[in-house]
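Asks: Let me give you the structure first, and then I'll get to my questions.
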Amino acid sequence: LNVSSRKMVWAILTSGERRGLLWMVVIMLIGSVLETLSLGLVVPVVGFLTQPKYLDNFPSVDNLLGNPSEIKFIIGSMSFLVIVYVVKSGFLIWATWVQRGYSISVTNRIGTKLYSNYLHQPYSFYLQTNSSVLIRNSQNTALVMSGIVDPILVISSDALVTVGLFALLVALQPIGTIATVSVFGVTAVIVISLNGAVFYVATAAGTSTAVSTTSVVKKAKWNPTVKLTYTSKAIIMQPDGIPNHPRDAYYAVPKSQDVVVPDATTATVVKDP
C-alpha cells in the first residue's frame, strides 16, 4: 500500500469515519493488552500448579496477597485466570462486531453515494461511458474497506499482540527469548534466501533466449541447387529447377487438367518423352 493509496482512502472517509477509524485503533490496543495479559498469566499458573510453595519465590507478591494458603492461592489464581479469559473473549467478540459494523457502514455509504452520483448524470454521460466500467466501479466500492482498511487493521492488531508477547517474554526470560528469536530469524533469512535463489534459477531456465534465424539457416546443410539470398527482412530461396537425381522412365499424366491428384481412373502412364 503506497502513500497515494493511503491518502486516497483517508480523503474518501468522512470526519466521523476518521474518528471511528482511530477508535478502532484504541480497541486494538486494548485487545492486545488483554491478549498479552491472558497469555502471560499461563506461566505463573503452570508454575504454582507444578511447584510446591511457588509463592516463596516471590515474597513481595505473597505479602501483598496477605500470605494465603496454597489451596486458596490456587483457587483464586484459577478463578482470576478464567475471569480474564472470559473478559478477553467477550471483548474480542465485541471488537470484531464493532469493526465489521464500521466496515459495512463505510462500504454502504460509499456505494450509495456512487450510485446516487450515477443516477444524477446526464444521458450523454451514459452514451460516452461503457456500462461495464460503471458496474465495475459499483462492485469495487467494497474494496476500500476489504482490500485496504481491514487488512491494515488486522496486521496492526497482530503486530501489537506480537510486540506485547515479545516484551513479556523478554521480561521473564531475556536470554532464552533473544536466543530463540535469533535462531528463528537466521533460519527465516536462510529460507528466504534459498527460495529467492531457486526462483531466480527457475526464472532464468524458463526465459527464452533470442536466436537469430539467419545464423540458424546458414548453419543448416542445404542442397547445392538451392540459392539462398539474405536481406534485412527476409531469406529468399531460389532453386535452379534442375533435379540432381535420374529422371523416371514413366510418369502418371492426368487425363483432364482439372484433376489435381492422378490415380488409376483419372490418369494414364506414359513414357518419358
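Each chain in the C-alpha cells gets a letter, A, B, ..., in the order shown, and its residues are numbered from 1; ligands are numbered from 1 in order too.
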Applying 12 Å and only C-alpha atoms, which residues near Ala179 (chain A) remain after dropping the ones on its own chain fewer than 6 positions away? List them as a list in words.

Replies: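 My list of contacting residues is Leu169, Val170, Gln173, Gly185 and Val186 of chain A.
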
Asks: Selection from above, N, CA and C atoms, as an mmCIF file, in the first residue's frame, can you write it?

Replies:
data_model
loop_
_atom_site.group_PDB
_atom_site.id
_atom_site.type_symbol
_atom_site.label_atom_id
_atom_site.label_comp_id
_atom_site.auth_asym_id
_atom_site.auth_seq_id
_atom_site.Cartn_x
_atom_site.Cartn_y
_atom_site.Cartn_z
ATOM 1 N N LEU A 169 7.964 -11.895 27.223
ATOM 2 C CA LEU A 169 8.965 -12.964 27.249
ATOM 3 C C LEU A 169 10.353 -12.431 27.576
ATOM 4 N N VAL A 170 10.680 -11.250 27.047
ATOM 5 C CA VAL A 170 11.984 -10.650 27.369
ATOM 6 C C VAL A 170 12.071 -10.321 28.852
ATOM 7 N N GLN A 173 12.232 -14.140 30.522
ATOM 8 C CA GLN A 173 13.418 -14.906 30.146
ATOM 9 C C GLN A 173 14.154 -14.175 29.028
ATOM 10 N N GLY A 185 15.106 -16.146 13.433
ATOM 11 C CA GLY A 185 15.385 -15.101 12.459
ATOM 12 C C GLY A 185 16.421 -15.516 11.440
ATOM 13 N N VAL A 186 17.511 -16.137 11.912
ATOM 14 C CA VAL A 186 18.546 -16.605 10.987
ATOM 15 C C VAL A 186 17.985 -17.684 10.064
#

Asks: Between CA of Leu165 (chain A) and CA of Phe184 (chain A), what is the distance in Å, rounded to a tenth?

Replies: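 Those two atoms sit 15.8 Å apart.
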
Asks: Among region 103-263 of chain A, which ones does DSSP place in alpha helix (DSSP H), written as a ChimeraX atom specification?

Replies: /A:103-119,123-128,131-139,143-144,150-172,174-206,213-219

Asks: Hey, could you make a per-residue contact list for region 77-130 of chain A against region 32-45 of chain A with 7 Å as the cut-off, showing the nearest pair of atoms and its distance in Å to one decimal, counting only C-alpha atoms, sorted by chain and number, as a Markdown table?

Replies:
| residue | atom | partner | partner_atom | distance |
| --- | --- | --- | --- | --- |
| A:Ser77 | CA | A:Val45 | CA | 6.9 |
| A:Leu81 | CA | A:Leu41 | CA | 6.8 |
| A:Val84 | CA | A:Ser38 | CA | 6.3 |
| A:Tyr85 | CA | A:Ser38 | CA | 6.2 |
| A:Lys88 | CA | A:Leu34 | CA | 5.8 |

Asks: What would the file look like if the residues just selected were written as a compact mmCIF listing (two decimals), in the first residue's frame with all heavy atoms?

Replies:
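Done, and the output landed in part.txt:
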# COMPACT_ATOMS: atom_id res chain seq x y z
N SER A 77 -6.19 -17.91 41.94
CA SER A 77 -5.48 -17.70 40.67
C SER A 77 -6.25 -18.28 39.50
O SER A 77 -6.36 -17.65 38.44
CB SER A 77 -4.09 -18.32 40.76
OG SER A 77 -3.34 -17.74 41.81
N LEU A 81 -7.79 -16.28 36.39
CA LEU A 81 -7.44 -16.64 35.01
C LEU A 81 -8.69 -16.85 34.16
O LEU A 81 -8.77 -16.37 33.01
CB LEU A 81 -6.58 -17.90 35.01
CG LEU A 81 -6.09 -18.39 33.63
CD1 LEU A 81 -5.15 -17.38 33.00
CD2 LEU A 81 -5.37 -19.75 33.77
N VAL A 84 -10.27 -13.47 33.44
CA VAL A 84 -9.53 -12.73 32.41
C VAL A 84 -9.84 -13.27 31.03
O VAL A 84 -10.06 -12.51 30.08
CB VAL A 84 -8.02 -12.79 32.71
CG1 VAL A 84 -7.22 -12.26 31.51
CG2 VAL A 84 -7.69 -11.99 33.95
N TYR A 85 -9.88 -14.61 30.88
CA TYR A 85 -10.15 -15.19 29.56
C TYR A 85 -11.58 -14.92 29.12
O TYR A 85 -11.85 -14.70 27.93
CB TYR A 85 -9.87 -16.69 29.59
CG TYR A 85 -8.46 -17.03 29.18
CD1 TYR A 85 -7.44 -17.10 30.12
CD2 TYR A 85 -8.15 -17.29 27.85
CE1 TYR A 85 -6.14 -17.40 29.75
CE2 TYR A 85 -6.86 -17.59 27.47
CZ TYR A 85 -5.86 -17.65 28.42
OH TYR A 85 -4.58 -17.93 28.03
N LYS A 88 -11.63 -11.28 28.10
CA LYS A 88 -10.91 -11.12 26.84
C LYS A 88 -11.73 -11.63 25.67
O LYS A 88 -11.83 -10.96 24.62
CB LYS A 88 -9.58 -11.86 26.89
CG LYS A 88 -8.72 -11.68 25.65
CD LYS A 88 -7.73 -12.81 25.47
CE LYS A 88 -8.45 -14.07 24.99
NZ LYS A 88 -7.51 -15.13 24.60

Asks: How many Å lie between CA of Trp97 (chain A) and CA of Lys113 (chain A), rounded to one decimal?

Replies: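 If I compute the distance from CA of Trp97 (chain A) to CA of Lys113 (chain A), I get 24.2 Å.
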
Asks: Find the residues around Ile104 (chain A) up to 12 Å (only C-alpha atoms counted), leave out those fewer than 5 positions away in its own chain, and share them as a list in words.

Replies: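 Using only C-alpha atoms, the neighbours found are Glu17, Trp97, Val98, Gln99, Arg109, Ile110, Gly111, Thr112, Thr141, Ala142, Leu143, Val144, Met145, Ser146, Val149 and Asp150 of chain A.
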
Asks: I'd like to know which residues of region 115-262 of chain A are strand (DSSP E) (by DSSP, run on the backbone); could you write them as a list in words?

Replies: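 Taking region 115-262 of chain A and keeping strand (DSSP E) gives Val226, Lys227, Leu228, Thr229, Tyr230, Ile235, Ile236, Met237, Gln238, Pro239, Tyr250, Tyr251, Ala252, Val253 and Pro254 of chain A.
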
Asks: Find the spatial neighbours of Met24 (chain A), counting only C-alpha atoms, within a cut-off of 9 Å - ignore same-chain residues fewer than 5 positions away - and output them as a list in words.

Replies: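 So the residues in contact are Arg19, Leu29, Ala95, Val98, Gln99, Tyr102 and Leu153 of chain A.
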
Asks: What does the file look like for those residues with all heavy atoms, as an mmCIF file, in the first residue's frame?

Replies:
data_model
loop_
_atom_site.group_PDB
_atom_site.id
_atom_site.type_symbol
_atom_site.label_atom_id
_atom_site.label_comp_id
_atom_site.auth_asym_id
_atom_site.auth_seq_id
_atom_site.Cartn_x
_atom_site.Cartn_y
_atom_site.Cartn_z
ATOM 1 N N ARG A 19 -12.726 9.466 12.790
ATOM 2 C CA ARG A 19 -12.731 9.273 14.248
ATOM 3 C C ARG A 19 -13.043 7.828 14.592
ATOM 4 O O ARG A 19 -12.477 7.266 15.537
ATOM 5 C CB ARG A 19 -13.755 10.214 14.899
ATOM 6 C CG ARG A 19 -13.355 11.691 14.842
ATOM 7 C CD ARG A 19 -14.260 12.516 15.754
ATOM 8 N NE ARG A 19 -15.650 12.470 15.306
ATOM 9 C CZ ARG A 19 -16.183 13.350 14.468
ATOM 10 N NH1 ARG A 19 -15.440 14.336 13.971
ATOM 11 N NH2 ARG A 19 -17.455 13.248 14.118
ATOM 12 N N LEU A 29 -5.605 -1.721 20.635
ATOM 13 C CA LEU A 29 -4.630 -1.606 21.720
ATOM 14 C C LEU A 29 -5.126 -2.315 22.979
ATOM 15 O O LEU A 29 -4.381 -3.052 23.636
ATOM 16 C CB LEU A 29 -4.352 -0.128 22.013
ATOM 17 C CG LEU A 29 -3.521 0.628 20.977
ATOM 18 C CD1 LEU A 29 -3.476 2.116 21.317
ATOM 19 C CD2 LEU A 29 -2.109 0.071 20.905
ATOM 20 N N ALA A 95 -15.304 -6.383 19.844
ATOM 21 C CA ALA A 95 -14.431 -5.612 18.958
ATOM 22 C C ALA A 95 -14.615 -6.047 17.504
ATOM 23 O O ALA A 95 -14.641 -5.205 16.596
ATOM 24 C CB ALA A 95 -12.976 -5.786 19.383
ATOM 25 N N VAL A 98 -17.886 -4.587 16.279
ATOM 26 C CA VAL A 98 -17.755 -3.149 16.014
ATOM 27 C C VAL A 98 -16.987 -2.914 14.717
ATOM 28 O O VAL A 98 -17.364 -2.069 13.889
ATOM 29 C CB VAL A 98 -17.048 -2.453 17.196
ATOM 30 C CG1 VAL A 98 -16.727 -1.004 16.845
ATOM 31 C CG2 VAL A 98 -17.930 -2.503 18.438
ATOM 32 N N GLN A 99 -15.905 -3.667 14.520
ATOM 33 C CA GLN A 99 -15.110 -3.485 13.300
ATOM 34 C C GLN A 99 -15.900 -3.863 12.059
ATOM 35 O O GLN A 99 -15.848 -3.162 11.040
ATOM 36 C CB GLN A 99 -13.841 -4.336 13.386
ATOM 37 C CG GLN A 99 -12.914 -4.168 12.196
ATOM 38 C CD GLN A 99 -11.640 -4.978 12.356
ATOM 39 O OE1 GLN A 99 -11.297 -5.414 13.452
ATOM 40 N NE2 GLN A 99 -10.944 -5.190 11.256
ATOM 41 N N TYR A 102 -18.422 -1.160 11.383
ATOM 42 C CA TYR A 102 -17.770 0.027 10.816
ATOM 43 C C TYR A 102 -17.470 -0.175 9.341
ATOM 44 O O TYR A 102 -17.730 0.712 8.513
ATOM 45 C CB TYR A 102 -16.489 0.307 11.596
ATOM 46 C CG TYR A 102 -15.646 1.422 11.018
ATOM 47 C CD1 TYR A 102 -15.993 2.754 11.215
ATOM 48 C CD2 TYR A 102 -14.511 1.135 10.269
ATOM 49 C CE1 TYR A 102 -15.223 3.783 10.691
ATOM 50 C CE2 TYR A 102 -13.728 2.149 9.740
ATOM 51 C CZ TYR A 102 -14.094 3.467 9.946
ATOM 52 O OH TYR A 102 -13.327 4.469 9.415
ATOM 53 N N LEU A 153 -5.956 -3.026 9.605
ATOM 54 C CA LEU A 153 -6.372 -3.229 10.992
ATOM 55 C C LEU A 153 -5.950 -4.596 11.507
ATOM 56 O O LEU A 153 -5.479 -4.732 12.648
ATOM 57 C CB LEU A 153 -7.891 -3.060 11.098
ATOM 58 C CG LEU A 153 -8.447 -1.653 10.832
ATOM 59 C CD1 LEU A 153 -9.964 -1.659 10.896
ATOM 60 C CD2 LEU A 153 -7.878 -0.652 11.819
#
